[in-house]
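J.: Just one file: final.txt, with compact mmCIF, C-alpha atoms.
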# COMPACT_ATOMS: atom_id res chain seq x y z
CA MET A 1 8.15 24.87 20.14
CA ALA A 2 7.33 21.18 20.25
CA GLY A 3 9.73 18.33 19.86
CA HIS A 4 9.64 16.85 16.36
CA GLY A 5 6.26 15.17 16.73
CA ASP A 6 7.61 12.49 19.09
CA ALA A 7 5.53 11.73 22.15
CA SER A 8 6.66 8.13 22.46
CA GLY A 9 10.14 8.27 23.91
CA GLY A 10 12.63 8.60 21.09
CA GLY A 11 12.77 9.08 17.36
CA PRO A 12 13.16 6.49 14.64
CA GLY A 13 15.68 3.70 15.02
CA VAL A 14 17.14 1.45 12.32
CA ALA A 15 17.74 -2.23 12.99
CA GLY A 16 18.46 -4.29 9.91
CA GLN A 17 15.55 -3.45 7.65
CA VAL A 18 13.10 -2.53 10.42
CA LEU A 19 12.34 1.12 11.14
CA ASP A 20 11.08 1.59 14.69
CA THR A 21 9.25 4.93 15.07
CA PRO A 22 6.62 6.53 17.32
CA LEU A 23 4.01 5.49 14.73
CA THR A 24 4.93 1.80 14.73
CA ARG A 25 4.89 1.81 18.53
CA LEU A 26 1.59 3.68 18.70
CA VAL A 27 -0.44 1.41 16.43
CA GLY A 28 1.55 -1.83 16.70
CA VAL A 29 2.60 -2.27 13.06
CA ARG A 30 6.02 -3.40 11.83
CA HIS A 31 6.64 -0.60 9.35
CA PRO A 32 5.91 3.17 9.40
CA VAL A 33 3.89 3.07 6.17
CA VAL A 34 0.17 3.91 6.01
CA GLN A 35 -2.31 3.22 3.21
CA THR A 36 -4.88 6.01 3.10
CA GLY A 37 -8.63 5.31 3.33
CA MET A 38 -9.63 5.91 -0.30
CA GLY A 39 -13.34 5.60 -1.08
CA TRP A 40 -14.20 2.72 -3.48
CA VAL A 41 -10.50 1.67 -3.40
CA ALA A 42 -9.52 0.86 0.19
CA GLY A 43 -11.62 -2.26 0.71
CA PRO A 44 -10.88 -5.46 2.65
CA ARG A 45 -8.60 -6.93 -0.02
CA LEU A 46 -6.20 -3.98 -0.12
CA VAL A 47 -6.37 -3.22 3.60
CA SER A 48 -5.61 -6.79 4.65
CA ALA A 49 -2.74 -7.02 2.15
CA VAL A 50 -1.18 -3.88 3.61
CA ALA A 51 -1.69 -5.15 7.16
CA ASN A 52 -0.14 -8.53 6.37
CA ALA A 53 2.83 -6.72 4.80
CA GLY A 54 3.43 -4.85 8.07
CA GLY A 55 1.91 -1.48 7.21
CA LEU A 56 -1.25 0.21 8.48
CA GLY A 57 -4.17 -0.47 6.14
CA VAL A 58 -7.20 1.81 6.44
CA LEU A 59 -10.71 0.99 5.20
CA GLY A 60 -12.37 3.81 3.26
CA SER A 61 -15.84 3.85 4.80
CA ALA A 62 -17.25 7.10 3.38
CA THR A 63 -18.72 5.22 0.40
CA MET A 64 -20.04 2.33 2.53
CA THR A 65 -23.33 1.97 4.35
CA LEU A 66 -23.13 1.05 8.03
CA ASP A 67 -23.94 -2.59 7.21
CA GLU A 68 -21.33 -2.64 4.45
CA LEU A 69 -18.74 -1.28 6.87
CA ALA A 70 -19.59 -3.97 9.40
CA ALA A 71 -19.15 -6.64 6.71
CA ALA A 72 -15.88 -5.08 5.53
CA ILE A 73 -14.45 -5.08 9.06
CA LYS A 74 -15.45 -8.73 9.47
CA GLU A 75 -13.77 -9.63 6.17
CA VAL A 76 -10.53 -7.86 7.08
CA ARG A 77 -10.54 -9.73 10.38
CA SER A 78 -10.86 -13.02 8.46
CA ARG A 79 -7.86 -12.12 6.30
CA THR A 80 -5.42 -10.76 8.89
CA GLY A 81 -4.70 -10.66 12.60
CA ALA A 82 -2.66 -7.45 12.23
CA PRO A 83 -3.89 -3.99 13.31
CA PHE A 84 -5.84 -1.91 10.79
CA GLY A 85 -7.91 1.26 10.73
CA VAL A 86 -11.14 2.75 9.40
CA ASN A 87 -11.44 6.19 7.86
CA LEU A 88 -14.61 8.01 8.95
CA ARG A 89 -16.48 11.17 8.04
CA ALA A 90 -16.76 13.13 11.26
CA ASP A 91 -19.69 15.11 9.84
CA ALA A 92 -21.71 12.06 8.73
CA SER A 93 -25.19 11.82 10.22
CA ASP A 94 -24.44 8.29 11.48
CA ALA A 95 -20.91 9.02 12.74
CA ALA A 96 -21.84 7.96 16.29
CA ASP A 97 -23.14 4.59 15.06
CA ARG A 98 -19.96 4.01 13.08
CA ILE A 99 -17.82 4.82 16.10
CA ASP A 100 -19.84 2.33 18.16
CA LEU A 101 -19.18 -0.26 15.45
CA LEU A 102 -15.41 0.34 15.57
CA ILE A 103 -15.36 0.09 19.36
CA ARG A 104 -17.42 -3.13 19.41
CA ASN A 105 -15.11 -4.73 16.86
CA GLY A 106 -11.86 -3.63 18.48
CA VAL A 107 -10.62 -1.69 15.46
CA LYS A 108 -7.20 -0.27 16.29
CA VAL A 109 -7.28 3.09 14.46
CA ALA A 110 -9.94 5.66 13.55
CA SER A 111 -8.77 8.16 10.96
CA PHE A 112 -10.69 11.22 9.81
CA ALA A 113 -10.54 13.34 6.66
CA LEU A 114 -11.97 16.26 8.64
CA ALA A 115 -11.26 17.06 12.27
CA PRO A 116 -13.63 15.12 14.56
CA ARG A 117 -15.36 16.87 17.43
CA ARG A 118 -13.64 16.84 20.79
CA GLU A 119 -16.26 14.51 22.27
CA LEU A 120 -15.77 11.98 19.44
CA ILE A 121 -12.03 11.91 20.08
CA ALA A 122 -12.62 11.40 23.81
CA ARG A 123 -15.11 8.59 23.19
CA LEU A 124 -12.72 6.71 20.92
CA LYS A 125 -9.72 7.20 23.19
CA ASP A 126 -11.66 6.00 26.22
CA ALA A 127 -12.28 2.77 24.30
CA GLY A 128 -8.60 2.40 23.41
CA VAL A 129 -8.95 3.39 19.73
CA VAL A 130 -6.06 5.41 18.28
CA VAL A 131 -7.36 8.65 16.72
CA ILE A 132 -5.54 10.07 13.68
CA PRO A 133 -7.18 13.07 11.94
CA SER A 134 -5.88 14.38 8.61
CA VAL A 135 -4.91 18.05 8.51
CA GLY A 136 -3.82 20.51 5.85
CA ALA A 137 -2.62 23.38 8.03
CA ARG A 138 -0.57 23.89 11.17
CA ARG A 139 -3.45 25.46 13.09
CA HIS A 140 -5.63 22.41 12.44
CA ALA A 141 -2.92 20.14 13.81
CA GLU A 142 -2.60 22.26 16.93
CA LYS A 143 -6.37 22.14 17.45
CA VAL A 144 -6.78 18.36 17.22
CA ALA A 145 -3.64 17.77 19.29
CA ALA A 146 -5.10 19.96 22.04
CA TRP A 147 -8.32 17.92 21.83
CA GLY A 148 -6.44 14.68 22.44
CA ALA A 149 -5.70 13.22 18.99
CA ASP A 150 -3.00 10.54 19.19
CA ALA A 151 -1.31 11.49 15.89
CA VAL A 152 -1.96 13.61 12.81
CA LEU A 153 -1.67 12.89 9.11
CA VAL A 154 -0.39 15.92 7.20
CA GLN A 155 -1.08 16.07 3.46
CA GLY A 156 0.68 18.57 1.24
CA GLY A 157 -0.56 19.87 -2.08
CA GLU A 158 1.08 17.07 -4.07
CA GLY A 159 -1.47 14.57 -2.76
CA GLY A 160 -4.46 13.26 -4.67
CA GLY A 161 -8.11 13.94 -3.92
CA HIS A 162 -9.02 16.93 -1.80
CA THR A 163 -5.84 18.86 -1.23
CA GLY A 164 -4.41 22.24 -0.29
CA ALA A 165 -1.92 24.54 -1.94
CA VAL A 166 1.06 24.18 0.43
CA ALA A 167 3.77 21.67 -0.56
CA THR A 168 4.55 18.82 1.82
CA THR A 169 8.13 20.02 2.25
CA LEU A 170 6.81 23.30 3.68
CA LEU A 171 3.79 22.03 5.58
CA LEU A 172 5.42 19.03 7.25
CA PRO A 173 8.14 20.86 9.23
CA GLN A 174 5.58 23.45 10.39
CA VAL A 175 3.38 20.75 11.89
CA VAL A 176 6.28 18.71 13.30
CA ASP A 177 7.47 21.80 15.18
CA ALA A 178 3.97 22.65 16.40
CA VAL A 179 2.76 19.44 18.06
CA ASP A 180 4.06 16.80 20.46
CA ILE A 181 2.29 13.84 18.87
CA PRO A 182 3.50 11.63 15.98
CA VAL A 183 3.13 13.23 12.56
CA ILE A 184 2.50 11.14 9.44
CA ALA A 185 3.56 12.76 6.16
CA ALA A 186 1.42 12.42 3.02
CA GLY A 187 1.52 13.95 -0.43
CA GLY A 188 4.34 13.03 -2.83
CA PHE A 189 5.57 9.76 -1.31
CA PHE A 190 6.14 6.54 -3.25
CA ASP A 191 9.53 5.07 -2.30
CA GLY A 192 12.13 4.61 0.44
CA ARG A 193 13.91 7.87 -0.30
CA GLY A 194 10.72 9.72 0.52
CA LEU A 195 10.29 7.78 3.76
CA ALA A 196 13.87 8.58 4.79
CA ALA A 197 13.29 12.26 3.96
CA ALA A 198 10.07 12.35 5.99
CA LEU A 199 11.84 10.80 8.98
CA ALA A 200 14.61 13.39 8.62
CA TYR A 201 11.98 16.13 8.84
CA GLY A 202 10.82 14.59 12.12
CA ALA A 203 7.80 12.65 10.83
CA ALA A 204 7.01 9.23 12.29
CA GLY A 205 6.07 7.67 8.96
CA VAL A 206 4.48 8.26 5.57
CA ALA A 207 1.01 7.70 4.12
CA MET A 208 0.36 6.92 0.46
CA GLY A 209 -2.78 6.67 -1.65
CA THR A 210 -1.90 6.59 -5.34
CA ARG A 211 1.03 4.24 -4.77
CA PHE A 212 -1.22 1.68 -3.02
CA LEU A 213 -3.98 2.11 -5.60
CA LEU A 214 -1.38 1.01 -8.16
CA THR A 215 -0.56 -2.40 -6.66
CA SER A 216 -1.59 -5.89 -7.67
CA ASP A 217 -3.60 -6.12 -4.42
CA SER A 218 -5.78 -3.14 -5.31
CA SER A 219 -9.30 -4.05 -6.49
CA VAL A 220 -9.34 -1.21 -9.03
CA PRO A 221 -9.97 -2.69 -12.51
CA ASP A 222 -6.80 -3.47 -14.46
CA ALA A 223 -7.81 -1.22 -17.35
CA VAL A 224 -8.08 1.71 -14.95
CA LYS A 225 -4.67 0.94 -13.47
CA GLN A 226 -3.22 0.99 -16.99
CA THR A 227 -4.80 4.40 -17.53
CA TYR A 228 -2.96 5.67 -14.46
CA LEU A 229 0.33 4.14 -15.63
CA SER A 230 -0.02 5.72 -19.07
CA MET A 231 -0.69 9.25 -17.79
CA SER A 232 1.50 11.72 -15.96
CA GLU A 233 -0.42 15.00 -15.75
CA THR A 234 -2.68 15.90 -12.84
CA VAL A 235 -4.81 18.98 -12.34
CA VAL A 236 -6.50 20.56 -9.34
CA THR A 237 -10.13 21.24 -10.25
CA ARG A 238 -13.13 22.64 -8.39
CA GLN A 239 -15.58 21.26 -10.95
CA VAL A 240 -15.92 17.86 -9.28
CA ASP A 241 -17.44 18.99 -6.00
CA GLY A 242 -16.71 22.68 -5.61
CA MET A 243 -13.52 22.17 -3.58
CA PRO A 244 -9.90 21.75 -4.76
CA HIS A 245 -9.55 18.16 -5.96
CA ARG A 246 -6.38 16.74 -7.57
CA VAL A 247 -7.20 14.28 -10.36
CA LEU A 248 -5.69 12.94 -13.56
CA ARG A 249 -6.15 15.32 -16.45
CA THR A 250 -8.55 13.44 -18.72
CA GLY A 251 -10.98 14.47 -21.44
CA LEU A 252 -13.84 14.26 -18.95
CA VAL A 253 -12.09 16.59 -16.52
CA ASP A 254 -11.36 19.07 -19.32
CA GLY A 255 -15.07 18.92 -20.17
CA LEU A 256 -16.04 19.56 -16.55
CA GLU A 257 -13.71 22.54 -16.49
CA ARG A 258 -15.48 23.99 -19.53
CA SER A 259 -19.02 23.29 -18.27
CA GLY A 260 -21.13 26.16 -17.03
CA ARG A 261 -22.80 26.59 -13.65
CA VAL A 262 -26.21 25.37 -14.81
CA THR A 263 -24.77 22.23 -16.45
CA GLY A 264 -22.78 21.49 -13.29
CA MET A 265 -25.84 21.86 -11.08
CA ILE A 266 -27.96 19.57 -13.26
CA ARG A 267 -25.23 16.93 -13.16
CA ALA A 268 -24.95 17.32 -9.37
CA VAL A 269 -28.69 16.79 -8.85
CA ARG A 270 -28.61 13.63 -10.97
CA ASN A 271 -25.60 12.29 -9.09
CA ALA A 272 -27.20 13.11 -5.74
CA ALA A 273 -30.16 10.94 -6.72
CA ARG A 274 -27.84 8.13 -7.86
CA PHE A 275 -25.79 8.29 -4.65
CA LYS A 276 -29.02 8.24 -2.61
CA LYS A 277 -30.02 5.00 -4.31
CA ILE A 278 -26.62 3.32 -3.80
CA SER A 279 -26.10 4.50 -0.21
CA ARG A 280 -29.74 3.86 0.72
CA MET A 281 -29.72 7.18 2.58
CA SER A 282 -32.91 9.17 2.86
CA TRP A 283 -33.13 12.68 1.45
CA ALA A 284 -33.42 13.90 5.05
CA ALA A 285 -30.12 12.19 5.98
CA MET A 286 -28.40 13.62 2.91
CA ILE A 287 -29.64 17.09 3.80
CA ARG A 288 -28.36 16.65 7.37
CA ASP A 289 -24.97 15.66 5.99
CA GLY A 290 -25.05 18.72 3.74
CA LEU A 291 -25.79 20.96 6.70
CA ALA A 292 -22.93 19.35 8.62
CA MET A 293 -20.57 19.99 5.69
CA LYS A 294 -21.70 23.60 5.45
CA HIS A 295 -21.46 24.31 9.18
CA GLY A 296 -18.31 26.25 10.02
CA LYS A 297 -17.09 26.26 6.41
CA GLU A 298 -17.35 28.81 3.65
CA LEU A 299 -19.36 26.53 1.37
CA THR A 300 -22.24 27.67 -0.79
CA TRP A 301 -25.28 25.41 -1.17
CA SER A 302 -24.14 24.88 -4.76
CA GLN A 303 -20.87 23.43 -3.47
CA VAL A 304 -22.68 21.23 -0.97
CA LEU A 305 -24.89 19.86 -3.73
CA MET A 306 -21.92 19.39 -6.05
CA ALA A 307 -20.32 17.14 -3.41
CA ALA A 308 -22.66 14.40 -4.66
CA ASN A 309 -20.49 14.30 -7.78
CA THR A 310 -17.49 12.96 -5.90
CA PRO A 311 -18.62 9.42 -4.93
CA MET A 312 -20.42 8.82 -8.21
CA LEU A 313 -17.68 10.08 -10.52
CA LEU A 314 -15.09 8.12 -8.55
CA LYS A 315 -17.26 4.97 -8.59
CA ALA A 316 -17.60 5.13 -12.37
CA ALA A 317 -13.84 4.72 -12.70
CA MET A 318 -12.74 2.80 -9.61
CA VAL A 319 -15.57 0.25 -9.48
CA ASP A 320 -17.29 0.24 -12.88
CA GLY A 321 -13.99 0.46 -14.80
CA ARG A 322 -15.09 3.42 -16.93
CA PRO A 323 -12.40 6.11 -16.66
CA ASP A 324 -14.05 7.83 -19.61
CA LEU A 325 -17.17 8.39 -17.45
CA GLY A 326 -15.49 9.13 -14.12
CA VAL A 327 -12.69 11.02 -12.44
CA LEU A 328 -9.40 9.51 -11.32
CA ALA A 329 -8.13 11.02 -8.08
CA SER A 330 -4.34 11.01 -8.19
CA GLY A 331 -1.29 12.46 -6.52
CA GLN A 332 1.48 13.99 -8.58
CA VAL A 333 3.62 10.90 -7.90
CA VAL A 334 1.66 9.09 -10.62
CA ALA A 335 4.25 10.40 -13.09
CA LEU A 336 6.93 8.38 -11.26
CA ILE A 337 5.08 5.06 -11.02
CA ASP A 338 5.47 2.42 -13.73
CA ASP A 339 4.72 -0.90 -12.03
CA LEU A 340 2.10 -2.83 -10.04
CA PRO A 341 3.90 -4.60 -7.18
CA SER A 342 2.16 -6.51 -4.41
CA CYS A 343 1.82 -4.68 -1.09
CA GLU A 344 4.39 -7.07 0.37
CA GLU A 345 6.88 -6.18 -2.36
CA LEU A 346 6.11 -2.47 -2.16
CA ILE A 347 6.38 -2.03 1.59
CA GLY A 348 9.39 -4.33 1.88
CA GLY A 349 11.19 -2.42 -0.85
CA ILE A 350 10.36 0.97 0.63
CA VAL A 351 11.60 0.04 4.10
CA ALA A 352 14.78 -1.60 2.78
CA GLN A 353 15.59 1.42 0.62
CA ALA A 354 14.88 3.88 3.44
CA ALA A 355 17.06 1.90 5.86
CA GLY A 356 19.86 1.86 3.29
CA VAL A 357 19.60 5.62 2.74
CA ILE A 358 19.72 6.29 6.48
CA ARG A 359 22.72 4.00 6.98
CA GLY A 360 24.45 5.61 4.02
CA LEU A 361 23.95 9.08 5.48
CA GLY A 362 25.41 7.90 8.77
CA ALA A 363 28.43 6.44 7.01
CA ASN A 364 29.00 9.69 5.13
CA LEU A 365 28.84 11.71 8.33
CA THR A 366 31.25 9.50 10.26
CA GLY A 367 33.52 8.68 7.33
Rewrite the coordinates I just gave you, this time as structure tokens.
T.:
Amino acid sequence: MAGHGDASGGGPGVAGQVLDTPLTRLVGVRHPVVQTGMGWVAGPRLVSAVANAGGLGVLGSATMTLDELAAAIKEVRSRTGAPFGVNLRADASDAADRIDLLIRNGVKVASFALAPRRELIARLKDAGVVVIPSVGARRHAEKVAAWGADAVLVQGGEGGGHTGAVATTLLLPQVVDAVDIPVIAAGGFFDGRGLAAALAYGAAGVAMGTRFLLTSDSSVPDAVKQTYLSMSETVVTRQVDGMPHRVLRTGLVDGLERSGRVTGMIRAVRNAARFKKISRMSWAAMIRDGLAMKHGKELTWSQVLMAANTPMLLKAAMVDGRPDLGVLASGQVVALIDDLPSCEELIGGIVAQAAGVIRGLGANLTG
């Protein structure tokens, strides 16, 4: 049995309104709050705002070309001197080139939605880059920890986007007890009470997607943000890309749920062609990525092809401002969010509230 995910010499400490944890010490940020690398959402503006507020901002590079990623890193550097990260697809055909780019530019953190290969972890660590894969099961956390990952991000079923069925409150303690590296909790977090609860479970911090999407620093169109604020129901659908995907329940999603296999395949082919044009990838590169996705996973070719729906349906809403034509990835916490603070206000408020909760618990125990 491992020791509460702490490999850095001690658990969280409270000093004033600063929470010192293994995560803050590992990546060099002031606060144990992470902004997830959301495609089309986590660009330089949001990432630098999070970094300047003391959290860990993470660029979402899956929807960027290599040149666009290089430009995004340069722009973040021009906006902040604080540490930040880049989220990568370990199965992308140009993953090695992207890793070279991170190393050349001295990016502090590389995060992964899927577990990277052992040799990729070693290459990044040798260059001093902190490696943080996302996991949805205890066994996955154990695997990447054994391969040398520096920390893991654990997302429970409450989270938005691709998600599992196990609630954070059940998954988090399993992983904390299984590994000796810092564990970051995701799925269902939006305020300081959640951060205090995660720390009580033994996590080293929390990660949030929907909450950061709904800030004044997010580049998502205002009309789309208002759609989020006006809705409270999410649904997990397989009709976006063949895998469980938590999104807002909209008329478009209901229509996707009712669509047949043939209609879904036609839509996927069209979106694959559109994504090819935007990403400037060749068909050969897209096929290689599809093979990489399929390798080691129980995915049909229909599901691999349907994956082209994800970037295009997300882009329609998050970039083009057409929620009626796209899908809105969202965690269940959307029902509890009713404002659009700046990242500075959000992170400061979360840390202050968490510190107050922790101090209050201590007073109750001693009093």
J.: In Å, rounded to a single decimal, give me how far CA of Val107 (chain A) is from CA of Ala186 (chain A).
T.: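 Separating CA of Ala186 (chain A) from CA of Val107 (chain A) is a distance of 22.3 Å.
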J.: Determine the nearest neighbour of Arg25 (chain A) from the options A:Ala151, A:Leu314, A:Met231, A:Leu252, counting only C-alpha atoms.
T.: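 Ranked by minimum distance to Arg25 (chain A), first place goes to A:Ala151.
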J.: Do you know which residues are at most 9 Å from region 117-131 of chain A counting all atoms listed in the file, after dropping those on the same chain fewer than 4 positions away, and could you put them as JSON, numbers by chain?
T.: {"A": [26, 27, 85, 90, 91, 95, 96, 99, 100, 102, 103, 106, 107, 108, 109, 110, 111, 112, 144, 147, 148, 149, 150, 151, 152]}
J.: With only C-alpha atoms counted, which protein, DNA or RNA residues have an atom no more than 7 Å from (-6.2, -7.0, -4.0) in the file frame? Please answer as a PyMOL selection string.
T.: chain A and resi 45-46+216-219
J.: CA of Leu66 (chain A) and CA of Asp94 (chain A), how far apart in Å?
T.: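 Taking CA of Asp94 (chain A) and CA of Leu66 (chain A), their separation equals 8.1 Å.
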J.: Write out as a tab-separated table a residue-level contact list of region 25-142 of chain A versus region 342-356 of chain A with cut-off 7 Å: for each qualifying residue the closest pair of atoms and the distance in Å to one decimal, counting all atoms listed in the file, rows sorted by chain and residue number upward.
T.:
residue	atom	partner	partner_atom	distance
A:Ala49	CA	A:Cys343	CA	6.1
A:Val50	CA	A:Cys343	CA	5.6
A:Ala53	CA	A:Glu344	CA	4.7
J.: Please indicate the distance in Å from CA of Leu153 (chain A) to CA of Thr310 (chain A), rounded to one decimal place.
T.: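 Going from CA of Leu153 (chain A) over to CA of Thr310 (chain A), I get 21.8 Å.
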J.: Restricting the calculation to all atoms listed in the file: of A:Gly194, A:Pro182, A:Pro133, A:Pro44, which residue gets closest to Ser78 (chain A)?
T.: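 For Ser78 (chain A), the nearest of the candidates is A:Pro44.
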J.: If we count all atoms listed in the file, what is near Leu213 (chain A) at a cut-off of 12 Å, once residues fewer than 3 positions away on the same chain are taken out, given as a PyMOL selection string?
T.: chain A and resi 35-43+45-47+50+160+190+208-210+216-222+224-226+228-229+318+328-331+333-334+337+339-343+346
J.: I'd like the contact shell of Gln174 (chain A) - 12 Å cut-off, only C-alpha atoms, skipping same-chain residues fewer than 5 positions apart - returned as a ChimeraX atom specification.
T.: /A:1-5,135-142,154,156,166-169,179,183,185,201-203
J.: Please determine, counting all atoms listed in the file, which residue among A:Ile184, A:His162, A:Thr80, A:Ala197 has the shortest atom-to-atom distance to Thr24 (chain A).
T.: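 Counting all atoms listed in the file, the residue closest to Thr24 (chain A) is A:Ile184.
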J.: Identify which of the residues A:Arg98, A:Arg104, A:Lys143, A:Arg211 lies closest to Val33 (chain A), counting all atoms listed in the file when measuring atom-to-atom distances.
T.: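 Of A:Arg98, A:Arg104, A:Lys143, A:Arg211, the one nearest Val33 (chain A) is A:Arg211, counting all atoms listed in the file.
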J.: Counting all atoms listed in the file, figure out which residue out of A:Gly251, A:Gly164, A:Gly360, A:Gly55 gets nearest to Ala82 (chain A).
T.: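 Ranked by minimum distance to Ala82 (chain A), first place goes to A:Gly55.
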J.: If you count all atoms listed in the file, which residues fall within 7 Å of Gly159 (chain A), apart from same-chain ones fewer than 2 positions away, as JSON, numbers by chain?
T.: {"A": [155, 156, 157, 161, 163, 186, 187, 188, 331, 332]}
J.: What does the file look like for those residues with C-alpha atoms, as an mmCIF file, keeping the file's coordinate frame?
T.:
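Printed below is out-v2.cif as written:
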data_model
loop_
_atom_site.group_PDB
_atom_site.id
_atom_site.type_symbol
_atom_site.label_atom_id
_atom_site.label_comp_id
_atom_site.auth_asym_id
_atom_site.auth_seq_id
_atom_site.Cartn_x
_atom_site.Cartn_y
_atom_site.Cartn_z
ATOM 1 C CA GLN A 155 -1.080 16.070 3.460
ATOM 2 C CA GLY A 156 0.680 18.570 1.240
ATOM 3 C CA GLY A 157 -0.560 19.870 -2.080
ATOM 4 C CA GLY A 161 -8.110 13.940 -3.920
ATOM 5 C CA THR A 163 -5.840 18.860 -1.230
ATOM 6 C CA ALA A 186 1.420 12.420 3.020
ATOM 7 C CA GLY A 187 1.520 13.950 -0.430
ATOM 8 C CA GLY A 188 4.340 13.030 -2.830
ATOM 9 C CA GLY A 331 -1.290 12.460 -6.520
ATOM 10 C CA GLN A 332 1.480 13.990 -8.580
#
J.: In terms of the shortest atom-to-atom distance over all atoms listed in the file, which of A:Pro116, A:Gly321, A:Gly362, A:Pro32 is closest to Thr227 (chain A)?
T.: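 Closest residue, counting all atoms listed in the file: A:Gly321.
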J.: Missing atoms in region 210-229 of chain A: can you complete it with N, CA and C atoms, as a compact mmCIF listing (two decimals), in the frame of the given file?
T.:
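Generated file (part-v1.txt):
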# COMPACT_ATOMS: atom_id res chain seq x y z
N THR A 210 -2.10 6.98 -3.95
CA THR A 210 -1.90 6.59 -5.34
C THR A 210 -0.99 5.38 -5.47
N ARG A 211 0.09 5.35 -4.67
CA ARG A 211 1.03 4.24 -4.77
C ARG A 211 0.36 2.91 -4.39
N PHE A 212 -0.53 2.91 -3.39
CA PHE A 212 -1.22 1.68 -3.02
C PHE A 212 -2.35 1.34 -3.99
N LEU A 213 -2.97 2.36 -4.58
CA LEU A 213 -3.98 2.11 -5.60
C LEU A 213 -3.34 1.32 -6.76
N LEU A 214 -2.09 1.66 -7.07
CA LEU A 214 -1.38 1.01 -8.16
C LEU A 214 -0.52 -0.15 -7.65
N THR A 215 -1.19 -1.13 -7.07
CA THR A 215 -0.56 -2.40 -6.66
C THR A 215 -1.41 -3.54 -7.19
N SER A 216 -0.83 -4.72 -7.20
CA SER A 216 -1.59 -5.89 -7.67
C SER A 216 -2.68 -6.27 -6.69
N ASP A 217 -2.59 -5.81 -5.43
CA ASP A 217 -3.60 -6.12 -4.42
C ASP A 217 -4.79 -5.17 -4.46
N SER A 218 -4.68 -4.09 -5.19
CA SER A 218 -5.78 -3.14 -5.31
C SER A 218 -6.89 -3.74 -6.15
N SER A 219 -8.14 -3.51 -5.76
CA SER A 219 -9.30 -4.05 -6.49
C SER A 219 -9.73 -3.17 -7.65
N VAL A 220 -9.04 -2.07 -7.89
CA VAL A 220 -9.34 -1.21 -9.03
C VAL A 220 -9.16 -2.01 -10.32
N PRO A 221 -10.09 -1.91 -11.27
CA PRO A 221 -9.97 -2.69 -12.51
C PRO A 221 -8.63 -2.47 -13.21
N ASP A 222 -8.10 -3.53 -13.82
CA ASP A 222 -6.80 -3.47 -14.46
C ASP A 222 -6.73 -2.39 -15.54
N ALA A 223 -7.82 -2.22 -16.29
CA ALA A 223 -7.81 -1.22 -17.35
C ALA A 223 -7.64 0.18 -16.77
N VAL A 224 -8.21 0.40 -15.60
CA VAL A 224 -8.08 1.71 -14.95
C VAL A 224 -6.65 1.90 -14.45
N LYS A 225 -6.07 0.84 -13.90
CA LYS A 225 -4.67 0.94 -13.47
C LYS A 225 -3.77 1.29 -14.66
N GLN A 226 -4.03 0.69 -15.81
CA GLN A 226 -3.22 0.99 -16.99
C GLN A 226 -3.39 2.44 -17.43
N THR A 227 -4.59 2.98 -17.23
CA THR A 227 -4.80 4.40 -17.53
C THR A 227 -3.91 5.26 -16.66
N TYR A 228 -3.85 4.94 -15.37
CA TYR A 228 -2.96 5.67 -14.46
C TYR A 228 -1.50 5.57 -14.93
N LEU A 229 -1.06 4.35 -15.26
CA LEU A 229 0.33 4.14 -15.63
C LEU A 229 0.69 4.85 -16.93
